[in-house]
Amino acid sequence: MPLLVAMLAVAWLPAAWSQAGDYPPAGDGQTLIVASFNIRAFSDRTRDDAELRDIAQLIIPFDLVAIQETRDTLILERLVRLLGAEFGQEYHFAASPKLKSGGGELYAWVWRATRLQALGEPLLLDDPA
């Protein structure tokens, strides 16, 4: 099974913050808010602007988001543009190469640029286990 190694600092989201809207303020300087979403067949062809806006509203409270089942980087480009244009937040993204198995999906990371920066290119390592 492949393993995506992203060189970013992360912290766990406490269980008490699991309810929507019950997050500490983003960018409070003390807490890094992390999420992971599996967005089924997340691609430029499968998401219109309204649907992408709904996804962006889910992402905006978080400093770092891992997204599984991403199909292309065009959707990630649209997402970070939307987060900037409509929410005034600069986000960046990194994506793995397409996986050999799993229908050509890739793993993606989206992060708030004021809180994190990439230390290098993401690596996709083959895990022999």
# chains A, B, ... in the order shown; residues from 1 in each chain; ligands from 1

$ residues_around --residues "region 36-39 of chain A" --least-positions-apart "6" --cutoff "8 Å" --atoms "only C-alpha atoms" --output "list in words"
Val65, Ala66, Ile67, Gln68, Glu69 and Thr70 of chain A

$ write_last_selection --atoms "N, CA and C atoms" --output "mmCIF file, in the first residue's frame"
data_model
loop_
_atom_site.group_PDB
_atom_site.id
_atom_site.type_symbol
_atom_site.label_atom_id
_atom_site.label_comp_id
_atom_site.auth_asym_id
_atom_site.auth_seq_id
_atom_site.Cartn_x
_atom_site.Cartn_y
_atom_site.Cartn_z
ATOM 1 N N VAL A 65 -5.820 20.008 5.522
ATOM 2 C CA VAL A 65 -6.837 19.019 5.164
ATOM 3 C C VAL A 65 -6.223 17.997 4.215
ATOM 4 N N ALA A 66 -6.379 16.725 4.546
ATOM 5 C CA ALA A 66 -6.014 15.635 3.644
ATOM 6 C C ALA A 66 -7.284 15.231 2.899
ATOM 7 N N ILE A 67 -7.168 15.038 1.583
ATOM 8 C CA ILE A 67 -8.337 14.660 0.781
ATOM 9 C C ILE A 67 -7.997 13.396 0.005
ATOM 10 N N GLN A 68 -8.811 12.352 0.209
ATOM 11 C CA GLN A 68 -8.662 11.111 -0.528
ATOM 12 C C GLN A 68 -9.670 11.057 -1.669
ATOM 13 N N GLU A 69 -9.413 10.188 -2.618
ATOM 14 C CA GLU A 69 -10.226 9.981 -3.825
ATOM 15 C C GLU A 69 -10.206 11.188 -4.758
ATOM 16 N N THR A 70 -9.149 11.959 -4.711
ATOM 17 C CA THR A 70 -8.991 13.063 -5.655
ATOM 18 C C THR A 70 -8.617 12.468 -7.012
#

$ residues_around --residues "region 46-63 of chain A" --least-positions-apart "3" --cutoff "7 Å" --atoms "only C-alpha atoms" --output "list in words"
Ala26, Leu32, Ile33, Val34, Ala35, Phe42, Ser43, Leu79, Leu83, Trp111, Arg112 and Arg115 of chain A

$ residues_around --residues "region 86-102 of chain A" --least-positions-apart "6" --cutoff "6 Å" --atoms "only C-alpha atoms" --output "list of chain:residue names"
A:Val80, A:Ala108, A:Trp109, A:Val110, A:Trp111, A:Arg112, A:Ala113

$ select_by_dssp --residues "region 65-112 of chain A" --states "strand (DSSP E)" --output "list of chain:residue names"
A:Val65, A:Ala66, A:Ile67, A:Gln68, A:Glu69, A:Thr70, A:Tyr91, A:His92, A:Phe93, A:Ala94, A:Ala95, A:Leu106, A:Tyr107, A:Ala108, A:Trp109, A:Val110, A:Trp111, A:Arg112

$ atom_distance --atom1 "CA of Arg81 (chain A)" --atom2 "CA of Gln30 (chain A)"
26.4 Å

$ atom_distance --atom1 "CA of Arg45 (chain A)" --atom2 "CA of Leu116 (chain A)"
29.1 Å
